[in-house]
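J.: Have a peek at target_19.cif (mmCIF, N, CA and C atoms).
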```cif
data_entry
#
loop_
_atom_site.label_atom_id
_atom_site.label_comp_id
_atom_site.auth_asym_id
_atom_site.auth_seq_id
_atom_site.Cartn_x
_atom_site.Cartn_y
_atom_site.Cartn_z
N MET K 1 -10.27 -5.10 -17.39
CA MET K 1 -11.41 -4.35 -16.87
C MET K 1 -12.08 -5.18 -15.77
N MET K 2 -12.48 -4.51 -14.72
CA MET K 2 -13.13 -5.17 -13.59
C MET K 2 -14.57 -5.51 -13.95
N LYS K 3 -14.98 -6.75 -13.62
CA LYS K 3 -16.35 -7.16 -13.88
C LYS K 3 -17.15 -7.04 -12.59
N LEU K 4 -18.27 -6.32 -12.66
CA LEU K 4 -19.16 -6.16 -11.52
C LEU K 4 -20.35 -7.11 -11.66
N LEU K 5 -20.71 -7.74 -10.56
CA LEU K 5 -21.81 -8.69 -10.54
C LEU K 5 -22.93 -8.15 -9.66
N ARG K 6 -24.16 -8.43 -10.02
CA ARG K 6 -25.32 -8.10 -9.20
C ARG K 6 -25.65 -9.31 -8.33
N VAL K 7 -26.57 -9.13 -7.39
CA VAL K 7 -26.94 -10.20 -6.47
C VAL K 7 -27.35 -11.48 -7.22
N PRO K 8 -28.22 -11.40 -8.24
CA PRO K 8 -28.58 -12.65 -8.95
C PRO K 8 -27.38 -13.33 -9.60
N ASP K 9 -26.42 -12.55 -10.08
CA ASP K 9 -25.22 -13.12 -10.70
C ASP K 9 -24.40 -13.90 -9.68
N VAL K 10 -24.23 -13.31 -8.48
CA VAL K 10 -23.45 -13.98 -7.43
C VAL K 10 -24.18 -15.23 -6.96
N ALA K 11 -25.49 -15.14 -6.85
CA ALA K 11 -26.28 -16.31 -6.45
C ALA K 11 -26.09 -17.45 -7.45
N GLU K 12 -26.12 -17.13 -8.72
CA GLU K 12 -25.94 -18.15 -9.76
C GLU K 12 -24.53 -18.72 -9.73
N LEU K 13 -23.54 -17.86 -9.55
CA LEU K 13 -22.14 -18.28 -9.54
C LEU K 13 -21.83 -19.19 -8.36
N THR K 14 -22.38 -18.88 -7.19
CA THR K 14 -22.04 -19.60 -5.97
C THR K 14 -23.05 -20.66 -5.55
N GLY K 15 -24.28 -20.55 -6.04
CA GLY K 15 -25.33 -21.45 -5.60
C GLY K 15 -25.94 -21.03 -4.26
N ILE K 16 -25.59 -19.84 -3.80
CA ILE K 16 -26.13 -19.31 -2.54
C ILE K 16 -27.38 -18.51 -2.88
N PRO K 17 -28.49 -18.75 -2.17
CA PRO K 17 -29.72 -18.01 -2.47
C PRO K 17 -29.55 -16.50 -2.33
N GLU K 18 -30.27 -15.76 -3.16
CA GLU K 18 -30.21 -14.29 -3.13
C GLU K 18 -30.55 -13.76 -1.75
N ALA K 19 -31.54 -14.34 -1.10
CA ALA K 19 -31.94 -13.88 0.23
C ALA K 19 -30.80 -14.02 1.23
N THR K 20 -30.03 -15.09 1.11
CA THR K 20 -28.89 -15.30 2.01
C THR K 20 -27.83 -14.25 1.76
N LEU K 21 -27.54 -13.96 0.49
CA LEU K 21 -26.57 -12.91 0.16
C LEU K 21 -27.01 -11.57 0.73
N ARG K 22 -28.30 -11.27 0.62
CA ARG K 22 -28.81 -10.01 1.16
C ARG K 22 -28.68 -9.96 2.69
N PHE K 23 -29.00 -11.08 3.35
CA PHE K 23 -28.86 -11.13 4.80
C PHE K 23 -27.40 -10.98 5.21
N TRP K 24 -26.51 -11.68 4.53
CA TRP K 24 -25.09 -11.57 4.85
C TRP K 24 -24.60 -10.14 4.69
N ARG K 25 -25.08 -9.45 3.66
CA ARG K 25 -24.68 -8.04 3.47
C ARG K 25 -25.15 -7.22 4.67
N HIS K 26 -26.39 -7.44 5.10
CA HIS K 26 -26.93 -6.74 6.26
C HIS K 26 -26.11 -7.05 7.52
N ALA K 27 -25.70 -8.32 7.66
CA ALA K 27 -24.96 -8.76 8.84
C ALA K 27 -23.47 -8.43 8.76
N GLY K 28 -23.01 -7.97 7.59
CA GLY K 28 -21.60 -7.64 7.43
C GLY K 28 -20.70 -8.83 7.19
N THR K 29 -21.28 -9.92 6.70
CA THR K 29 -20.49 -11.12 6.37
C THR K 29 -20.64 -11.41 4.88
N GLY K 30 -20.10 -12.54 4.45
CA GLY K 30 -20.20 -12.90 3.04
C GLY K 30 -19.19 -12.15 2.19
N PRO K 31 -19.31 -12.27 0.88
CA PRO K 31 -18.35 -11.60 0.00
C PRO K 31 -18.49 -10.09 0.08
N PRO K 32 -17.38 -9.35 -0.08
CA PRO K 32 -17.44 -7.90 -0.05
C PRO K 32 -18.35 -7.35 -1.15
N SER K 33 -19.11 -6.33 -0.81
CA SER K 33 -20.03 -5.72 -1.77
C SER K 33 -20.04 -4.21 -1.55
N ALA K 34 -20.67 -3.50 -2.49
CA ALA K 34 -20.80 -2.05 -2.39
C ALA K 34 -22.09 -1.64 -3.07
N LYS K 35 -22.53 -0.43 -2.76
CA LYS K 35 -23.70 0.12 -3.44
C LYS K 35 -23.21 1.15 -4.46
N LEU K 36 -23.69 1.02 -5.65
CA LEU K 36 -23.47 2.02 -6.70
C LEU K 36 -24.85 2.56 -7.03
N GLY K 37 -25.13 3.75 -6.55
CA GLY K 37 -26.49 4.26 -6.67
C GLY K 37 -27.39 3.41 -5.81
N ARG K 38 -28.41 2.84 -6.40
CA ARG K 38 -29.33 1.96 -5.68
C ARG K 38 -28.95 0.49 -5.77
N ARG K 39 -27.95 0.20 -6.56
CA ARG K 39 -27.62 -1.19 -6.86
C ARG K 39 -26.50 -1.73 -5.97
N VAL K 40 -26.71 -2.95 -5.47
CA VAL K 40 -25.66 -3.66 -4.75
C VAL K 40 -24.85 -4.42 -5.78
N VAL K 41 -23.54 -4.24 -5.74
CA VAL K 41 -22.66 -4.91 -6.70
C VAL K 41 -21.51 -5.59 -5.97
N TYR K 42 -20.98 -6.59 -6.63
CA TYR K 42 -19.84 -7.35 -6.14
C TYR K 42 -18.80 -7.35 -7.25
N ARG K 43 -17.53 -7.21 -6.89
CA ARG K 43 -16.48 -7.42 -7.88
C ARG K 43 -16.29 -8.92 -8.03
N GLU K 44 -16.26 -9.38 -9.27
CA GLU K 44 -16.10 -10.81 -9.52
C GLU K 44 -14.86 -11.35 -8.83
N SER K 45 -13.76 -10.60 -8.86
CA SER K 45 -12.52 -11.05 -8.23
C SER K 45 -12.69 -11.21 -6.72
N ASP K 46 -13.47 -10.32 -6.08
CA ASP K 46 -13.72 -10.43 -4.64
C ASP K 46 -14.54 -11.67 -4.31
N VAL K 47 -15.54 -11.96 -5.13
CA VAL K 47 -16.38 -13.13 -4.89
C VAL K 47 -15.55 -14.41 -5.02
N LEU K 48 -14.73 -14.49 -6.06
CA LEU K 48 -13.90 -15.68 -6.26
C LEU K 48 -12.88 -15.84 -5.14
N ALA K 49 -12.29 -14.73 -4.68
CA ALA K 49 -11.34 -14.78 -3.56
C ALA K 49 -12.05 -15.22 -2.28
N TRP K 50 -13.28 -14.75 -2.07
CA TRP K 50 -14.06 -15.13 -0.89
C TRP K 50 -14.36 -16.63 -0.91
N VAL K 51 -14.72 -17.16 -2.07
CA VAL K 51 -14.97 -18.59 -2.19
C VAL K 51 -13.70 -19.38 -1.85
N ASP K 52 -12.56 -18.94 -2.36
CA ASP K 52 -11.29 -19.61 -2.06
C ASP K 52 -11.02 -19.60 -0.55
N ARG K 53 -11.29 -18.48 0.13
CA ARG K 53 -11.08 -18.40 1.58
C ARG K 53 -11.98 -19.37 2.33
N GLN K 54 -13.17 -19.65 1.80
CA GLN K 54 -14.07 -20.59 2.48
C GLN K 54 -13.45 -21.98 2.49
N PHE K 55 -12.77 -22.34 1.41
CA PHE K 55 -12.10 -23.64 1.37
C PHE K 55 -10.91 -23.68 2.32
N GLU K 56 -10.16 -22.58 2.39
CA GLU K 56 -9.02 -22.52 3.31
C GLU K 56 -9.48 -22.59 4.76
N ASN K 57 -10.56 -21.91 5.10
CA ASN K 57 -11.06 -21.88 6.48
C ASN K 57 -11.71 -23.18 6.89
N ASP K 58 -12.10 -24.00 5.92
CA ASP K 58 -12.80 -25.24 6.21
C ASP K 58 -11.86 -26.39 6.54
N ARG K 59 -10.59 -26.20 6.30
CA ARG K 59 -9.62 -27.26 6.57
C ARG K 59 -9.32 -27.34 8.05
N VAL K 60 -9.35 -28.55 8.59
CA VAL K 60 -9.02 -28.78 10.00
C VAL K 60 -7.54 -29.12 10.09
N PRO K 61 -6.77 -28.38 10.90
CA PRO K 61 -5.33 -28.67 11.01
C PRO K 61 -5.08 -30.08 11.52
N ALA K 62 -4.02 -30.72 11.02
CA ALA K 62 -3.68 -32.08 11.43
C ALA K 62 -3.42 -32.15 12.92
N ALA K 63 -2.84 -31.11 13.52
CA ALA K 63 -2.56 -31.10 14.96
C ALA K 63 -3.85 -31.21 15.76
N THR K 64 -4.92 -30.60 15.29
CA THR K 64 -6.20 -30.68 15.99
C THR K 64 -6.75 -32.09 15.93
N ARG K 65 -6.65 -32.71 14.76
CA ARG K 65 -7.13 -34.08 14.62
C ARG K 65 -6.32 -35.03 15.51
N ALA K 66 -4.99 -34.85 15.54
CA ALA K 66 -4.12 -35.73 16.31
C ALA K 66 -4.34 -35.56 17.81
N SER K 67 -4.63 -34.36 18.28
CA SER K 67 -4.80 -34.14 19.71
C SER K 67 -6.06 -34.82 20.25
N ASN K 68 -7.01 -35.11 19.39
CA ASN K 68 -8.23 -35.80 19.81
C ASN K 68 -8.12 -37.31 19.63
N ASN K 69 -6.96 -37.79 19.18
CA ASN K 69 -6.75 -39.22 18.94
C ASN K 69 -7.85 -39.83 18.08
N GLY K 70 -8.35 -39.05 17.12
CA GLY K 70 -9.36 -39.56 16.21
C GLY K 70 -10.76 -39.54 16.77
N ARG K 71 -10.94 -39.08 18.01
CA ARG K 71 -12.27 -39.04 18.62
C ARG K 71 -12.99 -37.75 18.26
N GLN K 72 -14.29 -37.83 18.22
CA GLN K 72 -15.11 -36.66 17.93
C GLN K 72 -15.21 -35.78 19.16
N PRO K 73 -15.11 -34.45 19.00
CA PRO K 73 -15.29 -33.57 20.16
C PRO K 73 -16.75 -33.56 20.60
N THR K 74 -16.96 -33.38 21.90
CA THR K 74 -18.31 -33.25 22.43
C THR K 74 -18.76 -31.80 22.27
N SER K 75 -19.95 -31.48 22.75
CA SER K 75 -20.46 -30.12 22.66
C SER K 75 -19.58 -29.14 23.44
N ARG K 76 -18.81 -29.63 24.44
CA ARG K 76 -17.93 -28.75 25.20
C ARG K 76 -16.56 -28.66 24.55
N GLY K 77 -16.34 -29.35 23.42
CA GLY K 77 -15.07 -29.29 22.72
C GLY K 77 -14.03 -30.24 23.26
N VAL K 78 -14.38 -31.14 24.19
CA VAL K 78 -13.46 -32.10 24.75
C VAL K 78 -13.78 -33.48 24.18
N ALA K 79 -12.78 -34.17 23.71
CA ALA K 79 -13.00 -35.50 23.12
C ALA K 79 -13.39 -36.49 24.19
N LYS K 80 -14.30 -37.39 23.84
CA LYS K 80 -14.74 -38.45 24.77
C LYS K 80 -13.81 -39.62 24.66
#
```
Could you rewrite the structure in this file as structure tokens?

T.:
Amino acid sequence: MMKLLRVPDVAELTGIPEATLRFWRHAGTGPPSAKLGRRVVYRESDVLAWVDRQFENDRVPAATRASNNGRQPTSRGVAK
């Protein structure tokens, strides 16, 4: 059976403030959600998959690191 979570549940699970989750819903980002009547709900499986994607998206490819020869990129994206 699918478990549905409310905004406070997702906030507790992820550590993300409720206000941020509400803003992300307004902006069309964050974990997928839906309205059931007046209630905003999240499928637990969607929230967990979204968290996993955040870890995947946070990884910097080795080719990017190697092309900068270990130097930090500047604000223009070019290594000094």

J.: Interatomic distance between atom C of Arg6 of chain K and atom N of Asp52 of chain K?

T.: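 If I compute the distance from atom C of Arg6 of chain K to atom N of Asp52 of chain K, I get 17.3 Å.
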
J.: One decimal, Å: what's the distance from atom CA of Met1 of chain K over to atom CA of Tyr42 of chain K, could you say?

T.: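 Spanning atom CA of Met1 of chain K to atom CA of Tyr42 of chain K is a straight-line distance of 14.0 Å.
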
J.: So the first atom is atom N of Gly15 of chain K and the second is atom C of Arg38 of chain K; what is the distance between them in Å, to one decimal place?

T.: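 One can read the atom N of Gly15 of chain K to atom C of Arg38 of chain K distance as 21.6 Å.
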
J.: Determine, counting all atoms listed in the file, which protein, DNA and RNA residues have an atom within 6 Å of an atom of Val7 of chain K; residues of the same chain fewer than 3 positions away are not included. Present the result as an MDAnalysis selection string.

T.: chainID K and resid 10:12 18 40:41

J.: Run the PyMOL selection byres ((chain K and resi 3) around 6.5) mentally over the shown coordinates, then write out the matched residues as a PyMOL selection string, using the chain letters and numbers from the document.

T.: chain K and resi 1-2+4-5+42-45

J.: Got time to write the residues from that selection, N, CA and C atoms, as a PDB file, keeping the file's coordinate frame?

T.:
```pdb
ATOM      1  N   MET K   1     -10.270  -5.100 -17.390  1.00  0.00           N
ATOM      2  CA  MET K   1     -11.410  -4.350 -16.870  1.00  0.00           C
ATOM      3  C   MET K   1     -12.080  -5.180 -15.770  1.00  0.00           C
ATOM      4  N   MET K   2     -12.480  -4.510 -14.720  1.00  0.00           N
ATOM      5  CA  MET K   2     -13.130  -5.170 -13.590  1.00  0.00           C
ATOM      6  C   MET K   2     -14.570  -5.510 -13.950  1.00  0.00           C
ATOM      7  N   LEU K   4     -18.270  -6.320 -12.660  1.00  0.00           N
ATOM      8  CA  LEU K   4     -19.160  -6.160 -11.520  1.00  0.00           C
ATOM      9  C   LEU K   4     -20.350  -7.110 -11.660  1.00  0.00           C
ATOM     10  N   LEU K   5     -20.710  -7.740 -10.560  1.00  0.00           N
ATOM     11  CA  LEU K   5     -21.810  -8.690 -10.540  1.00  0.00           C
ATOM     12  C   LEU K   5     -22.930  -8.150  -9.660  1.00  0.00           C
ATOM     13  N   TYR K  42     -20.980  -6.590  -6.630  1.00  0.00           N
ATOM     14  CA  TYR K  42     -19.840  -7.350  -6.140  1.00  0.00           C
ATOM     15  C   TYR K  42     -18.800  -7.350  -7.250  1.00  0.00           C
ATOM     16  N   ARG K  43     -17.530  -7.210  -6.890  1.00  0.00           N
ATOM     17  CA  ARG K  43     -16.480  -7.420  -7.880  1.00  0.00           C
ATOM     18  C   ARG K  43     -16.290  -8.920  -8.030  1.00  0.00           C
ATOM     19  N   GLU K  44     -16.260  -9.380  -9.270  1.00  0.00           N
ATOM     20  CA  GLU K  44     -16.100 -10.810  -9.520  1.00  0.00           C
ATOM     21  C   GLU K  44     -14.860 -11.350  -8.830  1.00  0.00           C
ATOM     22  N   SER K  45     -13.760 -10.600  -8.860  1.00  0.00           N
ATOM     23  CA  SER K  45     -12.520 -11.050  -8.230  1.00  0.00           C
ATOM     24  C   SER K  45     -12.690 -11.210  -6.720  1.00  0.00           C
TER      25      SER K  45
END
```

J.: Take every atom of segment 27-45 of chain K listed in the file, fit an axis-aligned box around them, add 6 Å per side, and give the centre and edge lengths in Å to one decimal as AutoDock Vina command-line options.

T.:
```
--center_x -20.9 --center_y -4.3 --center_z -0.3 --size_x 28.8 --size_y 29.2 --size_z 30.4
```
